[in-house]
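Student: Take a look at the following structure, please.
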Amino acid sequence: MAYPFLFCLSMKPIDLKTWPRAQHYHFFKSFDKPQFNITTQLDCSSLYRFAKANKYSFTLCYLYCLLQAVNRYAPMRYRIKDGQPYEVDKVTASTVFLKDDETFRFTPLDAKENFEQFCAYASTQKELYLEQSLLNEKLELRETHIAQVYVSILPWFNFSSFSHAATKTNECSGIPKFVFGQYQHNTGLMPLNVEVHHALLDGIHVAQFLTTLKQAILELAN
């Protein structure tokens with residue numbers, strides 16, 4: 001069975017002759033561990049109030065905002081394919097949800113035109129994928145698909161740093177990873193870990209992305 005969303009990839013090459021970061025790209029892409037990550041405290045107080053006042057899932061609120069921000073901010077859609085940098089047109093969030101038996105399942109979520117559409121769609125996706133086995137044909141097909149970001153959710157505790165599990169392979173397409181932690185009711189802050197490929201982004205780009213994410217939060221919450 002074919003899964004069209006996995007293969008309809010729209011992307012454009014980044015011109016290394018004109019890209020200001022071309023030297024940085026060549027320098028960092030050969031590193032054994034080219035990723036770097038930061039953990040920040042994201043102000044989600046207005047988003048939390050919005051979710052509770054309107055009886056929305058707070059989790060779906062920040063996942064929606066994340067997808068909005070990633071698709072708006074081009075550097076978060078930069079990828080490496082066959083040794084060359086590309087900009088992917090749109091990305092899916094490969095996120096996780098917990099089953100009643102306390103095991104998780106990977107669930108792909110696409111961006112939608114508005115929040116109401118996203119909530120209905122995400123609820124259907126969650127119900128569908130929680131009934132799947134962890135390892136299945138769909139997962140294997142989309143596992144290394146570059147038009148996605150990886151998202152984990154750890155609502156049980158606060159944290160100030162994070163380290164990801166990694167495979168033995170040295171191949172890295174530059175897919176960003178995001179980890180949300182526990183919302184702190186006393187401060188309105190929530191930890192967010194962001195991991196990116198240093199050949200594609202620097203610290204300033206992470207900062208610019210966070211500004212884009214904060215704007216998406218303000219737009220939804222207000």
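Scheme for the structure tokens: letters A, B, ... for chains in order shown; per-chain residue numbers from 1; ligand numbers from 1 in order shown.
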Might you pull out every residue within 9 Å of Phe178 of chain A, with only C-alpha atoms counted and same-chain residues fewer than 3 positions away left off, and present them as a list in words?

Tutor: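 My list of contacting residues is Val149, Tyr150, Val151, Ser152, Ile153, Leu192, Asn193, Val194 and Glu195 of chain A.
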
Student: Excluding Pro155 of chain A and residues on its chain fewer than 6 positions from it, collect all residues at most 12 Å away from it, counting only C-alpha atoms, and give them as a PyMOL selection string.

Tutor: chain A and resi 58-59+96-98+179-184+190-192

Student: Within 12 Å of segment 8-21 of chain A, which residues of segment 155-210 of chain A show up? Give each one with its shortest atom-to-atom distance in Å (one decimal) and the two atoms involved, counting only C-alpha atoms, rows by chain then rising residue number, as a Markdown table.

Tutor:
| residue | atom | partner | partner_atom | distance |
| --- | --- | --- | --- | --- |
| A:His198 | CA | A:Arg21 | CA | 10.4 |
| A:Ala199 | CA | A:Arg21 | CA | 8.2 |
| A:Leu200 | CA | A:Arg21 | CA | 7.9 |
| A:Leu201 | CA | A:Arg21 | CA | 8.6 |
| A:Asp202 | CA | A:Arg21 | CA | 9.4 |
| A:His205 | CA | A:Arg21 | CA | 11.7 |

Student: Please run DSSP on the backbone and report, as a ChimeraX atom specification, all residues within segment 5-199 of chain A that come out as helix (DSSP H, G or I).

Tutor: /A:5-6,22-28,45-53,58-72,74-77,115-130,137-142

Student: Limited to C-alpha atoms, could you put the picked residues into a file as a compact mmCIF listing (two decimals), in the first residue's frame?

Tutor:
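After the write, part-v4.txt holds the following:
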# COMPACT_ATOMS: atom_id res chain seq x y z
CA PHE A 5 2.00 12.09 1.84
CA LEU A 6 5.35 10.39 2.33
CA ALA A 22 28.01 28.03 2.69
CA GLN A 23 31.35 27.88 4.54
CA HIS A 24 29.58 27.05 7.80
CA TYR A 25 27.65 24.32 6.01
CA HIS A 26 30.79 22.64 4.69
CA PHE A 27 32.52 23.03 8.05
CA PHE A 28 29.84 21.53 10.29
CA SER A 45 0.59 31.71 30.18
CA SER A 46 -1.72 33.34 27.64
CA LEU A 47 -1.96 30.09 25.66
CA TYR A 48 -2.82 28.11 28.79
CA ARG A 49 -5.53 30.58 29.76
CA PHE A 50 -6.92 30.45 26.22
CA ALA A 51 -7.03 26.64 26.30
CA LYS A 52 -8.77 26.47 29.68
CA ALA A 53 -11.24 29.26 28.95
CA PHE A 58 -3.46 22.72 25.92
CA THR A 59 -1.21 20.17 24.20
CA LEU A 60 -2.94 20.67 20.87
CA CYS A 61 -2.66 24.43 21.35
CA TYR A 62 1.12 24.43 21.51
CA LEU A 63 1.50 21.74 18.85
CA TYR A 64 -0.59 23.88 16.50
CA CYS A 65 1.57 26.93 17.26
CA LEU A 66 4.76 24.92 16.75
CA LEU A 67 3.64 23.73 13.31
CA GLN A 68 2.62 27.26 12.37
CA ALA A 69 6.03 28.59 13.37
CA VAL A 70 8.06 25.83 11.71
CA ASN A 71 6.24 26.28 8.42
CA ARG A 72 6.63 30.06 8.58
CA ALA A 74 12.32 28.77 6.46
CA PRO A 75 15.57 27.76 8.21
CA MET A 76 13.62 25.22 10.29
CA ARG A 77 12.73 23.58 6.99
CA PHE A 115 -7.03 25.79 14.92
CA GLU A 116 -10.50 24.24 14.86
CA GLN A 117 -9.58 22.14 11.81
CA PHE A 118 -6.33 21.14 13.46
CA CYS A 119 -8.06 20.00 16.67
CA ALA A 120 -10.55 17.81 14.82
CA TYR A 121 -7.84 16.36 12.61
CA ALA A 122 -5.39 15.78 15.47
CA SER A 123 -8.02 13.99 17.54
CA THR A 124 -8.69 11.62 14.63
CA GLN A 125 -4.98 11.03 14.07
CA LYS A 126 -4.39 10.36 17.74
CA GLU A 127 -7.24 7.84 17.92
CA LEU A 128 -5.98 6.11 14.77
CA TYR A 129 -2.31 5.84 15.68
CA LEU A 130 -2.78 4.87 19.31
CA GLU A 137 4.80 -0.16 7.82
CA LYS A 138 3.70 3.47 8.00
CA LEU A 139 6.37 4.30 10.56
CA GLU A 140 9.10 2.60 8.55
CA LEU A 141 8.08 4.52 5.43
CA ARG A 142 8.06 7.93 7.10

Student: Kindly indicate which residue among A:Ile204, A:Ala166, A:Ile80, A:Val196 lies nearest to His145 of chain A, using only C-alpha atoms for the distances.

Tutor: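 Nearest candidate to His145 of chain A out of A:Ile204, A:Ala166, A:Ile80, A:Val196: A:Ile80.
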
Student: Report the residues of segment 189-222 of chain A whose backbone DSSP state falls under strand (DSSP E), written as a PyMOL selection string.

Tutor: chain A and resi 189-197

Student: For the atom pair atom CA of Phe209 of chain A and atom CA of Tyr73 of chain A, what is the interatomic distance in Å to one decimal place?

Tutor: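 Separation of atom CA of Phe209 of chain A and atom CA of Tyr73 of chain A: 6.4 Å.
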
Student: How many Å separate atom CA of Thr167 of chain A from atom CA of Asp32 of chain A?

Tutor: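 Computing the Euclidean distance for atom CA of Thr167 of chain A and atom CA of Asp32 of chain A yields 12.1 Å.
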
Student: Could you check which of A:Leu134, A:Ile146, A:Ala207, A:Leu154 is closest to Tyr86 of chain A, using only C-alpha atoms?

Tutor: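 Using only C-alpha atoms, the shortest distance to Tyr86 of chain A belongs to A:Ile146.
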
Student: Grab the atom CA of Ala216 of chain A to atom CA of Lys177 of chain A distance for me, in Å with one decimal place.

Tutor: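 Separation of atom CA of Ala216 of chain A and atom CA of Lys177 of chain A: 18.5 Å.
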
Student: Using only C-alpha atoms, which of the listed residues (A:Ser133, A:Pro85, A:Gln35, A:Gly174) sits closest to Arg105 of chain A?

Tutor: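 Closest to Arg105 of chain A, using only C-alpha atoms: A:Ser133.
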